[in-house]
file target_14.txt (compact mmCIF, C-alpha atoms)
# COMPACT_ATOMS: atom_id res chain seq x y z
CA TRP K 181 0.00 0.00 0.00
CA HIS K 182 1.14 3.51 -0.76
CA GLY K 183 0.96 6.23 1.86
CA LEU K 184 -2.52 7.46 2.73
CA LEU K 185 -3.77 10.56 0.92
CA SER K 186 -5.06 13.35 3.12
CA LEU K 187 -8.69 14.33 2.66
CA LEU K 188 -7.68 17.90 3.48
CA HIS K 189 -6.00 19.97 0.82
CA GLU K 190 -4.65 23.41 1.59
CA ASN K 191 -3.99 25.95 -1.15
CA GLU K 192 -1.90 29.06 -0.91
CA PRO K 193 -4.23 32.06 -1.18
CA SER K 194 -4.12 33.50 -4.69
CA PRO K 195 -3.05 37.14 -4.94
CA TYR K 196 -5.77 39.74 -5.42
CA PRO K 197 -6.25 40.42 -9.17
CA LEU K 198 -5.23 44.07 -8.95
CA ASP K 199 -4.62 44.23 -12.71
CA ALA K 200 -8.33 43.57 -13.26
CA LEU K 201 -9.22 46.99 -11.86
CA PRO K 202 -9.59 49.73 -14.52
CA SER K 203 -6.34 51.62 -14.96
CA GLY K 204 -7.14 54.78 -12.99
CA LEU K 205 -8.67 52.79 -10.17
CA GLY K 206 -5.89 50.22 -10.00
CA GLU K 207 -3.16 52.88 -10.07
CA ALA K 208 -4.78 54.73 -7.15
CA VAL K 209 -4.93 51.49 -5.14
CA ARG K 210 -1.24 50.79 -5.83
CA GLU K 211 -0.26 54.30 -4.75
CA VAL K 212 -2.18 54.03 -1.47
CA LEU K 213 -0.85 50.51 -0.86
CA ASP K 214 2.72 51.68 -1.25
CA PHE K 215 2.32 54.02 1.71
CA VAL K 216 -0.32 52.39 3.95
CA GLN K 217 1.07 48.84 3.46
CA CYS K 218 -2.23 47.17 4.34
CA PRO K 219 -3.39 43.91 2.71
CA MET K 220 -4.00 44.39 -1.01
CA ALA K 221 -7.58 43.10 -0.89
CA LEU K 222 -8.39 45.51 1.95
CA ALA K 223 -7.29 48.50 -0.13
CA ALA K 224 -9.10 47.26 -3.23
CA CYS K 225 -12.34 46.71 -1.33
CA SER K 226 -12.05 50.19 0.14
CA ALA K 227 -11.62 51.74 -3.31
CA LEU K 228 -14.55 49.76 -4.72
CA SER K 229 -16.75 50.82 -1.80
CA ALA K 230 -15.89 54.48 -2.40
CA LEU K 231 -16.74 54.07 -6.08
CA SER K 232 -20.02 52.34 -5.22
CA VAL K 233 -21.07 55.13 -2.82
CA SER K 234 -20.26 57.75 -5.46
CA ALA K 235 -21.94 56.11 -8.45
CA GLN K 236 -24.81 54.00 -7.10
CA HIS K 237 -27.33 56.83 -7.59
CA LEU K 238 -26.56 57.11 -11.30
CA ALA K 239 -27.71 53.80 -12.76
CA ASN K 240 -29.19 50.35 -12.45
CA VAL K 241 -27.83 47.44 -14.49
CA ARG K 242 -29.98 45.13 -16.60
CA ARG K 243 -28.72 41.59 -17.07
CA ALA K 244 -31.75 40.46 -19.07
CA GLU K 245 -35.37 41.47 -19.48
CA GLY K 246 -36.89 41.54 -16.01
CA LEU K 247 -33.49 41.16 -14.32
CA THR K 248 -32.48 44.67 -13.27
CA SER K 249 -30.65 45.53 -10.07
CA PRO K 250 -28.82 48.41 -8.39
CA VAL K 251 -25.05 48.71 -8.88
CA SER K 252 -24.35 48.96 -5.14
CA LEU K 253 -21.78 46.63 -3.56
CA TYR K 254 -21.51 45.01 -0.14
CA THR K 255 -17.91 44.10 0.77
CA LEU K 256 -16.63 42.39 3.91
CA ALA K 257 -12.96 42.06 4.81
CA ILE K 258 -12.07 39.72 7.66
CA ALA K 259 -9.06 41.35 9.26
CA GLU K 260 -7.52 41.72 12.68
CA SER K 261 -7.37 45.02 14.51
CA GLY K 262 -4.50 47.17 13.28
CA GLU K 263 -4.72 46.29 9.58
CA ARG K 264 -5.32 50.00 8.83
CA LYS K 265 -8.84 49.74 7.42
CA SER K 266 -9.75 53.21 8.73
CA SER K 267 -6.59 54.72 7.25
CA VAL K 268 -7.12 53.26 3.80
CA ASP K 269 -10.82 54.24 3.83
CA LYS K 270 -9.82 57.81 4.65
CA HIS K 271 -7.64 58.01 1.55
CA PHE K 272 -10.33 56.79 -0.82
CA THR K 273 -13.20 58.77 0.73
CA THR K 274 -11.47 62.16 0.98
CA ALA K 275 -13.35 63.40 -2.09
CA ILE K 276 -16.68 62.13 -0.71
CA THR K 277 -16.32 63.84 2.68
CA ALA K 278 -15.19 67.08 0.98
CA TRP K 279 -18.22 66.92 -1.33
CA GLU K 280 -20.53 66.32 1.64
CA ALA K 281 -19.12 69.34 3.47
CA ASN K 282 -19.53 71.50 0.38
CA GLN K 283 -23.15 70.44 -0.08
CA ALA K 284 -23.89 71.20 3.57
CA GLU K 285 -22.40 74.68 3.15
CA ILE K 286 -24.43 75.34 -0.01
CA ALA K 287 -27.63 74.22 1.74
CA LYS K 288 -27.23 76.46 4.82
CA PRO K 289 -29.41 79.38 3.56
CA ASN K 290 -32.18 76.99 2.50
CA VAL K 291 -32.02 75.15 5.81
CA LYS K 292 -32.38 78.43 7.74
CA ARG K 293 -35.28 79.49 5.51
CA TYR K 294 -37.01 76.16 6.09
CA GLN K 295 -36.60 76.45 9.86
CA VAL K 296 -38.24 79.89 9.89
CA GLU K 297 -41.05 78.82 7.55
CA HIS K 298 -41.73 75.67 9.55
CA ASP K 299 -41.77 77.57 12.86
CA SER K 300 -44.36 79.94 11.36
CA TRP K 301 -46.37 77.02 10.01
CA SER K 302 -46.27 75.24 13.39
CA MET K 303 -47.67 78.28 15.18
CA GLN K 304 -50.49 78.58 12.65
CA TYR K 305 -51.25 74.87 12.87
CA GLU K 306 -51.34 74.84 16.66
CA GLY K 307 -53.43 78.02 16.60
CA PHE K 308 -56.10 76.42 14.41
CA LYS K 309 -56.13 73.30 16.58
CA GLN K 310 -56.74 75.50 19.62
CA LYS K 311 -59.52 77.37 17.78
CA ILE K 312 -61.22 74.08 16.90
CA LYS K 313 -60.98 72.96 20.52
CA GLU K 314 -62.48 76.22 21.82
CA THR K 315 -65.21 76.25 19.16
CA ALA K 316 -66.15 72.66 19.93
CA LYS K 317 -66.43 73.52 23.63
CA GLN K 318 -68.90 76.25 22.71
CA GLN K 319 -70.81 73.62 20.67
CA LYS K 320 -70.40 75.68 17.50
CA PRO K 321 -69.72 74.17 14.03
CA THR K 322 -66.05 73.45 13.28
CA GLU K 323 -66.30 72.29 9.64
CA ASN K 324 -64.68 75.40 8.14
CA LEU K 325 -61.88 75.37 10.68
CA THR K 326 -61.27 71.66 10.09
CA THR K 327 -61.14 72.20 6.33
CA HIS K 328 -58.59 74.96 6.82
CA LEU K 329 -56.57 72.70 9.13
CA HIS K 330 -56.53 69.99 6.45
CA GLN K 331 -55.22 72.52 3.92
CA LEU K 332 -52.63 73.77 6.35
CA LYS K 333 -51.43 70.21 6.99
CA HIS K 334 -51.13 69.69 3.25
CA ASP K 335 -49.04 72.88 2.93
CA GLU K 336 -46.52 71.94 5.63
CA PRO K 337 -43.05 73.06 4.45
CA MET K 338 -40.89 70.12 3.44
CA PRO K 339 -37.44 69.79 5.04
CA VAL K 340 -34.41 70.58 2.93
CA ARG K 341 -32.64 67.38 1.91
CA VAL K 342 -28.91 67.73 2.43
CA PRO K 343 -26.82 64.85 1.05
CA ARG K 344 -25.07 62.77 3.68
CA LEU K 345 -23.35 59.72 2.24
CA ILE K 346 -20.92 58.21 4.74
CA TYR K 347 -22.08 56.50 7.93
CA GLY K 348 -19.98 54.66 10.49
CA ASP K 349 -21.45 52.55 13.24
CA ALA K 350 -25.13 53.37 12.68
CA THR K 351 -27.89 50.98 13.71
CA PRO K 352 -30.03 49.54 10.89
CA GLU K 353 -33.00 51.57 12.15
CA GLN K 354 -31.01 54.81 12.14
CA LEU K 355 -29.76 54.04 8.67
CA SER K 356 -33.18 53.20 7.25
CA TYR K 357 -34.64 56.42 8.70
CA ALA K 358 -31.82 58.48 7.19
CA LEU K 359 -32.37 56.89 3.76
CA ALA K 360 -36.11 57.52 3.93
CA LYS K 361 -36.11 61.01 5.41
CA HIS K 362 -32.75 62.64 4.67
CA TRP K 363 -30.93 61.36 1.58
CA PRO K 364 -31.68 58.13 -0.35
CA SER K 365 -28.09 57.13 -1.10
CA ALA K 366 -25.50 56.21 1.51
CA GLY K 367 -22.57 54.03 2.43
CA VAL K 368 -21.61 52.32 5.67
CA LEU K 369 -17.82 52.18 5.76
CA SER K 370 -16.66 50.83 9.08
CA SER K 371 -13.81 48.95 10.70
CA GLU K 372 -16.14 48.05 13.57
CA ALA K 373 -19.05 46.76 11.46
CA GLY K 374 -21.49 47.33 14.30
CA ILE K 375 -24.42 47.66 11.90
CA VAL K 376 -24.09 43.95 11.12
CA PHE K 377 -22.17 42.35 13.94
CA GLY K 378 -22.92 44.67 16.85
CA SER K 379 -25.02 43.40 19.73
CA HIS K 380 -27.53 46.23 19.23
CA GLY K 381 -28.31 45.16 15.69
CA MET K 382 -28.08 41.40 15.48
CA SER K 383 -29.32 39.89 18.71
CA GLY K 384 -32.51 37.94 19.27
CA ASP K 385 -35.55 38.87 17.21
CA SER K 386 -33.85 41.91 15.71
CA ALA K 387 -31.42 39.76 13.68
CA MET K 388 -34.01 38.53 11.19
CA ARG K 389 -35.58 41.97 10.86
CA ASN K 390 -32.29 43.78 10.31
CA MET K 391 -30.91 41.24 7.84
CA ALA K 392 -34.17 41.49 5.91
CA LEU K 393 -33.77 45.28 5.75
CA LEU K 394 -30.18 45.09 4.51
CA ASN K 395 -31.15 42.43 1.97
CA VAL K 396 -33.93 44.66 0.61
CA LEU K 397 -31.58 47.63 0.35
CA TRP K 398 -29.07 45.53 -1.63
CA ASP K 399 -31.90 44.47 -3.93
CA GLY K 400 -33.17 48.04 -4.31
CA GLY K 401 -36.61 47.07 -2.99
CA THR K 402 -39.12 48.74 -0.70
CA HIS K 403 -39.14 48.26 3.07
CA THR K 404 -41.79 49.60 5.45
CA ILE K 405 -40.92 50.42 9.05
CA ASP K 406 -43.97 50.21 11.32
CA ARG K 407 -43.79 52.07 14.62
CA ARG K 408 -46.21 52.21 17.54
CA THR K 409 -45.20 55.46 19.21
CA THR K 410 -43.92 57.56 16.28
CA ASP K 411 -44.70 57.89 12.59
CA SER K 412 -44.14 54.86 10.39
CA TYR K 413 -42.17 55.35 7.19
CA LYS K 414 -41.14 53.58 4.01
CA VAL K 415 -37.66 53.13 2.52
CA GLN K 416 -38.16 53.23 -1.24
CA ASP K 417 -35.88 53.80 -4.26
CA ALA K 418 -32.85 54.06 -1.96
CA ARG K 419 -29.30 52.80 -2.48
CA LEU K 420 -26.83 51.47 0.08
CA THR K 421 -23.17 50.45 -0.07
CA MET K 422 -21.48 48.56 2.74
CA GLY K 423 -17.71 48.33 3.11
CA LEU K 424 -16.99 46.53 6.35
CA ALA K 425 -13.98 45.05 8.10
CA VAL K 426 -14.28 42.84 11.14
CA GLN K 427 -12.22 40.37 13.16
CA ALA K 428 -12.53 36.64 12.51
CA ASP K 429 -13.78 35.76 16.01
CA THR K 430 -16.58 38.31 15.69
CA VAL K 431 -17.67 36.79 12.38
CA ARG K 432 -17.66 33.28 13.86
CA ASN K 433 -19.75 34.39 16.83
CA PHE K 434 -22.19 36.14 14.53
CA PHE K 435 -22.75 33.04 12.42
CA ASN K 436 -23.10 30.84 15.48
CA ASN K 437 -25.60 33.19 17.12
CA SER K 438 -27.64 33.71 13.94
CA LYS K 439 -28.40 29.95 13.92
CA GLY K 440 -28.20 29.67 10.16
CA LEU K 441 -30.14 32.84 9.35
CA ALA K 442 -27.14 34.64 7.84
CA ARG K 443 -26.76 31.89 5.24
CA GLY K 444 -30.40 30.86 4.96
CA THR K 445 -31.65 34.37 4.19
CA GLY K 446 -28.97 34.98 1.56
CA PHE K 447 -27.46 37.74 3.68
CA LEU K 448 -23.84 36.60 3.45
CA ALA K 449 -24.27 35.77 -0.24
CA ARG K 450 -24.69 39.44 -1.10
CA PHE K 451 -21.19 40.30 0.17
CA LEU K 452 -17.89 40.12 -1.64
CA VAL K 453 -15.87 38.58 1.17
CA ALA K 454 -12.09 38.78 1.54
CA TRP K 455 -9.85 37.22 4.20
CA PRO K 456 -6.36 38.42 3.23
CA ASP K 457 -3.13 37.54 4.99
CA SER K 458 -2.02 40.14 7.51
CA THR K 459 0.80 42.54 6.63
CA GLN K 460 1.55 43.35 10.27
CA GLY K 461 5.21 42.86 11.05
CA ASN K 462 6.21 43.77 7.50
CA ARG K 463 5.43 47.47 7.44
CA PRO K 464 8.59 49.52 7.96
CA PHE K 465 8.05 53.23 8.54
CA LYS K 466 7.60 55.37 5.44
CA GLU K 467 7.48 59.12 5.19
CA PRO K 468 4.15 60.29 3.70
CA PRO K 469 4.51 61.23 0.04
CA THR K 470 4.48 64.91 -0.83
CA SER K 471 1.87 64.31 -3.52
CA TRP K 472 -0.67 61.69 -4.54
CA PRO K 473 -1.01 62.05 -8.34
CA LYS K 474 -2.90 58.78 -8.94
CA LEU K 475 -5.18 59.19 -5.94
CA THR K 476 -5.86 62.78 -6.97
CA VAL K 477 -7.09 61.61 -10.39
CA PHE K 478 -9.31 59.03 -8.66
CA SER K 479 -10.71 61.65 -6.28
CA GLU K 480 -11.44 64.04 -9.14
CA ARG K 481 -13.37 61.32 -10.90
CA ILE K 482 -15.31 60.52 -7.73
CA THR K 483 -16.26 64.20 -7.42
CA GLN K 484 -17.47 64.26 -11.02
CA LEU K 485 -19.74 61.30 -10.32
CA LEU K 486 -21.09 62.87 -7.13
CA ASN K 487 -21.81 66.15 -8.89
CA LYS K 488 -24.48 64.39 -10.94
CA ILE K 489 -26.95 64.99 -8.12
CA PRO K 490 -30.16 63.01 -8.66
CA GLU K 491 -33.60 64.53 -8.89
CA LEU K 492 -35.63 62.93 -6.11
CA ASN K 493 -38.97 61.40 -7.08
CA ASP K 494 -42.29 61.88 -5.26
CA ALA K 495 -41.39 59.10 -2.82
CA GLY K 496 -38.16 60.88 -1.91
CA GLY K 497 -36.05 58.27 -3.70
CA ILE K 498 -33.99 58.19 -6.87
CA SER K 499 -34.93 57.11 -10.39
CA PRO K 500 -31.65 56.13 -12.07
CA ILE K 501 -31.13 55.22 -15.72
CA THR K 502 -30.64 51.59 -16.76
CA LEU K 503 -27.35 50.33 -18.23
CA ASP K 504 -27.29 47.35 -20.60
CA PHE K 505 -24.52 45.03 -21.79
CA SER K 506 -23.19 45.08 -25.32
CA SER K 507 -23.87 41.82 -27.19
CA ASP K 508 -20.31 40.52 -26.56
CA ALA K 509 -20.46 41.55 -22.92
CA LYS K 510 -23.81 39.80 -22.50
CA LYS K 511 -22.32 36.57 -23.92
CA ALA K 512 -19.39 36.77 -21.50
CA TRP K 513 -21.75 37.35 -18.59
CA VAL K 514 -24.03 34.46 -19.62
CA ASN K 515 -21.02 32.13 -19.95
CA PHE K 516 -19.89 33.05 -16.44
CA HIS K 517 -23.41 32.55 -15.07
CA ASN K 518 -23.62 29.10 -16.68
CA ASP K 519 -20.13 28.08 -15.53
CA VAL K 520 -21.05 28.93 -11.95
CA GLU K 521 -24.39 27.11 -12.27
CA LEU K 522 -22.66 23.89 -13.37
CA GLU K 523 -20.55 23.91 -10.21
CA LEU K 524 -23.62 24.04 -7.95
CA LYS K 525 -24.59 20.43 -8.63
CA GLN K 526 -23.69 17.60 -6.28
CA GLY K 527 -19.93 17.12 -6.36
CA GLY K 528 -19.33 20.52 -7.98
CA ASP K 529 -16.74 22.95 -6.67
CA LEU K 530 -19.44 25.28 -5.36
CA CYS K 531 -21.86 22.67 -4.05
CA ASP K 532 -21.28 23.74 -0.43
CA ALA K 533 -21.47 27.45 -1.21
CA LYS K 534 -24.64 27.61 -3.28
CA ASP K 535 -25.91 30.71 -1.53
CA VAL K 536 -22.76 32.72 -2.26
CA ALA K 537 -22.40 31.38 -5.81
CA SER K 538 -26.02 32.20 -6.61
CA LYS K 539 -25.28 35.95 -6.28
CA ALA K 540 -21.93 35.86 -8.12
CA ALA K 541 -23.34 36.73 -11.55
CA ASP K 542 -25.35 39.57 -10.05
CA ASN K 543 -22.21 40.97 -8.41
CA VAL K 544 -20.34 40.70 -11.73
CA ALA K 545 -23.02 42.83 -13.40
CA ARG K 546 -22.88 45.41 -10.61
CA LEU K 547 -19.09 45.62 -10.67
CA ALA K 548 -18.94 45.89 -14.47
CA ALA K 549 -21.53 48.68 -14.33
CA LEU K 550 -19.48 50.56 -11.71
CA PHE K 551 -16.38 50.23 -13.90
CA HIS K 552 -18.41 51.56 -16.81
CA LEU K 553 -19.61 54.54 -14.77
CA TYR K 554 -16.03 55.22 -13.63
CA GLU K 555 -14.69 55.22 -17.19
CA TRP K 556 -17.65 56.46 -19.23
CA GLN K 557 -20.24 57.72 -16.75
CA SER K 558 -23.62 56.78 -18.25
CA GLU K 559 -22.80 56.72 -21.97
CA GLY K 560 -23.27 53.62 -24.12
CA ALA K 561 -23.41 49.95 -23.21
CA ILE K 562 -21.14 48.04 -20.83
CA ASN K 563 -18.37 46.42 -22.90
CA LYS K 564 -16.90 42.92 -22.76
CA ASP K 565 -13.57 44.03 -21.28
CA LEU K 566 -15.25 45.49 -18.18
CA VAL K 567 -17.32 42.32 -17.71
CA ALA K 568 -14.14 40.22 -17.95
CA ARG K 569 -12.46 42.40 -15.32
CA ALA K 570 -15.46 42.07 -13.01
CA ILE K 571 -15.48 38.29 -13.51
CA ASP K 572 -11.82 38.07 -12.44
CA ILE K 573 -12.49 40.01 -9.25
CA VAL K 574 -15.74 38.25 -8.27
CA THR K 575 -14.15 34.86 -9.01
CA TRP K 576 -11.30 35.72 -6.64
CA HIS K 577 -13.80 36.55 -3.89
call {"tool": "encode", "arguments": {"input": "target_14.txt", "output": "C-alpha cells"}}
result
Amino acid sequence: WHGLLSLLHENEPSPYPLDALPSGLGEAVREVLDFVQCPMALAACSALSALSVSAQHLANVRRAEGLTSPVSLYTLAIAESGERKSSVDKHFTTAITAWEANQAEIAKPNVKRYQVEHDSWSMQYEGFKQKIKETAKQQKPTENLTTHLHQLKHDEPMPVRVPRLIYGDATPEQLSYALAKHWPSAGVLSSEAGIVFGSHGMSGDSAMRNMALLNVLWDGGTHTIDRRTTDSYKVQDARLTMGLAVQADTVRNFFNNSKGLARGTGFLARFLVAWPDSTQGNRPFKEPPTSWPKLTVFSERITQLLNKIPELNDAGGISPITLDFSSDAKKAWVNFHNDVELELKQGGDLCDAKDVASKAADNVARLAALFHLYEWQSEGAINKDLVARAIDIVTWH
C-alpha cells in the first residue's frame, strides 16, 4: 500500500487580481498601498466601496429582461485590529467627505429658511387646533376650521434634503430612517461593522428583521418600518453600499448566534468577502509622500460622479437610468453565469457554497456597471472588457 492521501487539501491564497481593476482605479490602489502597506484586498475593497457610494445613484444594471438591479456593492474584509482599514478608507473617501461638506455649506441658507417657515407654520397649525378645541367647547360648528386645518397640513413646508453619504457605526433603524427622510443614497464604511455584527443590531428577534432590511436595500426594494409610538415610514428607491472590516472571532460568533439565518436568508451571499493575509510585522516606517497624483485623479473622478446629483422622485427616492450590456459583454456574462451554475450540482466545486455562488453573476453585473460609470459615466453599453475584469475580481472573492 502507498501512503494514505489526506482528505484535506490546503492551497496558498491567490493574490488579489489588482490588474483587473480599470487603470485609474488600480493605479490609485497601488499608490495608497505603497504608503499604507495594508493587505492588497483591503485597499481594493475600500476603493470599490468608495466608487459604489459615489456612483450608485446614477444607474441600475440590466442583465436580461426583467433582471435589473442596483449597482451597489456590499464588501466584507475579515481582518484583525490594526490592519489600517480606517486609514485606507480615509484616503479613498477624501473626495466624498469634501463633497458632503460643500453640499452642507451650499444648503445652509435653504435650511435656515425652512426652519423659519416651519416655525411659522407650526404656530399657525397649533393656533387652528386651539380654535377648533375652543369652538367645539362652545358647541359651534367646526367644519370650516377643520377644512382649513386639512389645507394647512397639506401645505406643511418640506425639510431641505442635504446629502449625507458616509455613515460609520449606525444601527439599521437609524440608517433606514436616514435613507427615507434625509438622503436616499448612503454608504456604511466601518472597521467596527457594528451595523451587522454589533449586539444592538443582530441579537434575538432583531437579527431577522435587520438582515431582511439590509437584503432589501441591496436588492433596491421597498421596506416599510412600522412604529407604535412615532410615525411609520417607508424606505423606497434608496441605495446602500457597505464596506466593512471585522475580526474573525466576531464573524464566527455572529454566524453561530444567527443559527443559520445569515446563510439561509442569503445575507452573506450578497457580500464580496475577503480574508487576506495580515501585513503586520512587514510594514517599515515610510514618510508620507508629498503628492498623490494617482489618488488625486481618482478623487477628481469621484467628485465628477457625485456632482451628478439626482432629482428625487415623489417618494423621496432616486430614479436612475438603466445600463445594458453590449452583445459581446452579454455573452461573457451568460457564460460566467452558466459556468457557476454547473458547479452548484452535487460534487461541484461550489456545491457547499450555493448561496454565495447564486449571487456571483449579479455581483459581476454590478461591478462591471461601476467600472463603466467610472470610465464612461452613463454613456453607451457596458463592454466585454469590463465584464471580464469584473469576472476576475468576483471569481477571486
call {"tool": "closest_residue", "arguments": {"input": "target_14.txt", "among": "K:Asp519, K:Glu192, K:Glu323, K:Glu211", "to": "Ala537 (chain K)", "atoms": "all atoms listed in the file"}}
result
K:Asp519
call {"tool": "residues_near_point", "arguments": {"input": "target_14.txt", "point": "(-24.3, 46.9, -27.7)", "cutoff": "8 Å", "atoms": "only C-alpha atoms", "output": "MDAnalysis selection string"}}
result
chainID K and resid 504:508 560:563
call {"tool": "write_last_selection", "arguments": {"input": "target_14.txt", "atoms": "C-alpha atoms", "output": "JSON list (two decimals), keeping the file's coordinate frame"}}
result
[["chain", "number", "residue", "atom", "x", "y", "z"],
["K", 504, "ASP", "CA", -27.29, 47.35, -20.60],
["K", 505, "PHE", "CA", -24.52, 45.03, -21.79],
["K", 506, "SER", "CA", -23.19, 45.08, -25.32],
["K", 507, "SER", "CA", -23.87, 41.82, -27.19],
["K", 508, "ASP", "CA", -20.31, 40.52, -26.56],
["K", 560, "GLY", "CA", -23.27, 53.62, -24.12],
["K", 561, "ALA", "CA", -23.41, 49.95, -23.21],
["K", 562, "ILE", "CA", -21.14, 48.04, -20.83],
["K", 563, "ASN", "CA", -18.37, 46.42, -22.90]]
call {"tool": "atom_distance", "arguments": {"input": "target_14.txt", "atom1": "CA of Pro464 (chain K)", "atom2": "CA of Val212 (chain K)"}}
result
15.0 Å
call {"tool": "residues_near_point", "arguments": {"input": "target_14.txt", "point": "(-37.8, 55.1, -5.1)", "cutoff": "12 Å", "atoms": "only C-alpha atoms", "output": "MDAnalysis selection string"}}
result
chainID K and resid 237 250 359:360 363:365 397 400:403 414:419 490:500
call {"tool": "atom_distance", "arguments": {"input": "target_14.txt", "atom1": "CA of Gly528 (chain K)", "atom2": "CA of Asn433 (chain K)"}}
result
28.4 Å
call {"tool": "residues_around", "arguments": {"input": "target_14.txt", "residues": "Ala316 (chain K)", "least_positions_apart": "6", "cutoff": "12 Å", "atoms": "only C-alpha atoms", "output": "list in words"}}
result
Lys309, Gln310, Thr322, Glu323, Leu325 and Thr326 of chain K
call {"tool": "decode", "arguments": {"input": "target_14.txt", "residues": "region 282-297 of chain K", "atoms": "N, CA, C and O atoms", "output": "short mmCIF file (atom, residue, chain, number, x, y, z; two decimals), in the first residue's frame"}}
result
data_model
loop_
_atom_site.label_atom_id
_atom_site.label_comp_id
_atom_site.auth_asym_id
_atom_site.auth_seq_id
_atom_site.Cartn_x
_atom_site.Cartn_y
_atom_site.Cartn_z
N ASN K 282 -19.18 70.44 1.31
CA ASN K 282 -19.53 71.50 0.38
C ASN K 282 -21.04 71.59 0.19
O ASN K 282 -21.61 72.69 0.15
N GLN K 283 -21.70 70.45 0.07
CA GLN K 283 -23.15 70.44 -0.08
C GLN K 283 -23.85 71.00 1.16
O GLN K 283 -24.86 71.71 1.06
N ALA K 284 -23.31 70.67 2.33
CA ALA K 284 -23.89 71.20 3.57
C ALA K 284 -23.75 72.72 3.63
O ALA K 284 -24.67 73.42 4.07
N GLU K 285 -22.62 73.23 3.16
CA GLU K 285 -22.40 74.68 3.15
C GLU K 285 -23.36 75.36 2.17
O GLU K 285 -23.95 76.41 2.49
N ILE K 286 -23.53 74.78 1.00
CA ILE K 286 -24.43 75.34 -0.01
C ILE K 286 -25.87 75.38 0.52
O ILE K 286 -26.64 76.31 0.23
N ALA K 287 -26.24 74.35 1.28
CA ALA K 287 -27.63 74.22 1.74
C ALA K 287 -27.97 75.10 2.95
O ALA K 287 -29.15 75.24 3.29
N LYS K 288 -26.98 75.71 3.58
CA LYS K 288 -27.23 76.46 4.82
C LYS K 288 -28.33 77.51 4.69
O LYS K 288 -29.24 77.58 5.54
N PRO K 289 -28.32 78.37 3.66
CA PRO K 289 -29.41 79.38 3.56
C PRO K 289 -30.78 78.74 3.44
O PRO K 289 -31.75 79.22 4.04
N ASN K 290 -30.89 77.65 2.66
CA ASN K 290 -32.18 76.99 2.50
C ASN K 290 -32.64 76.31 3.78
O ASN K 290 -33.83 76.28 4.09
N VAL K 291 -31.68 75.79 4.54
CA VAL K 291 -32.02 75.15 5.81
C VAL K 291 -32.56 76.19 6.79
O VAL K 291 -33.57 75.97 7.48
N LYS K 292 -31.92 77.36 6.85
CA LYS K 292 -32.38 78.43 7.74
C LYS K 292 -33.77 78.90 7.32
O LYS K 292 -34.65 79.14 8.17
N ARG K 293 -33.97 79.06 6.01
CA ARG K 293 -35.28 79.49 5.51
C ARG K 293 -36.36 78.49 5.88
O ARG K 293 -37.46 78.86 6.31
N TYR K 294 -36.04 77.20 5.74
CA TYR K 294 -37.01 76.16 6.09
C TYR K 294 -37.35 76.22 7.57
O TYR K 294 -38.53 76.10 7.96
N GLN K 295 -36.35 76.41 8.42
CA GLN K 295 -36.60 76.45 9.86
C GLN K 295 -37.55 77.58 10.23
O GLN K 295 -38.48 77.39 11.04
N VAL K 296 -37.36 78.74 9.62
CA VAL K 296 -38.24 79.89 9.89
C VAL K 296 -39.65 79.61 9.39
O VAL K 296 -40.65 79.83 10.09
N GLU K 297 -39.75 79.11 8.14
CA GLU K 297 -41.05 78.82 7.55
C GLU K 297 -41.80 77.75 8.34
O GLU K 297 -43.01 77.84 8.54
#
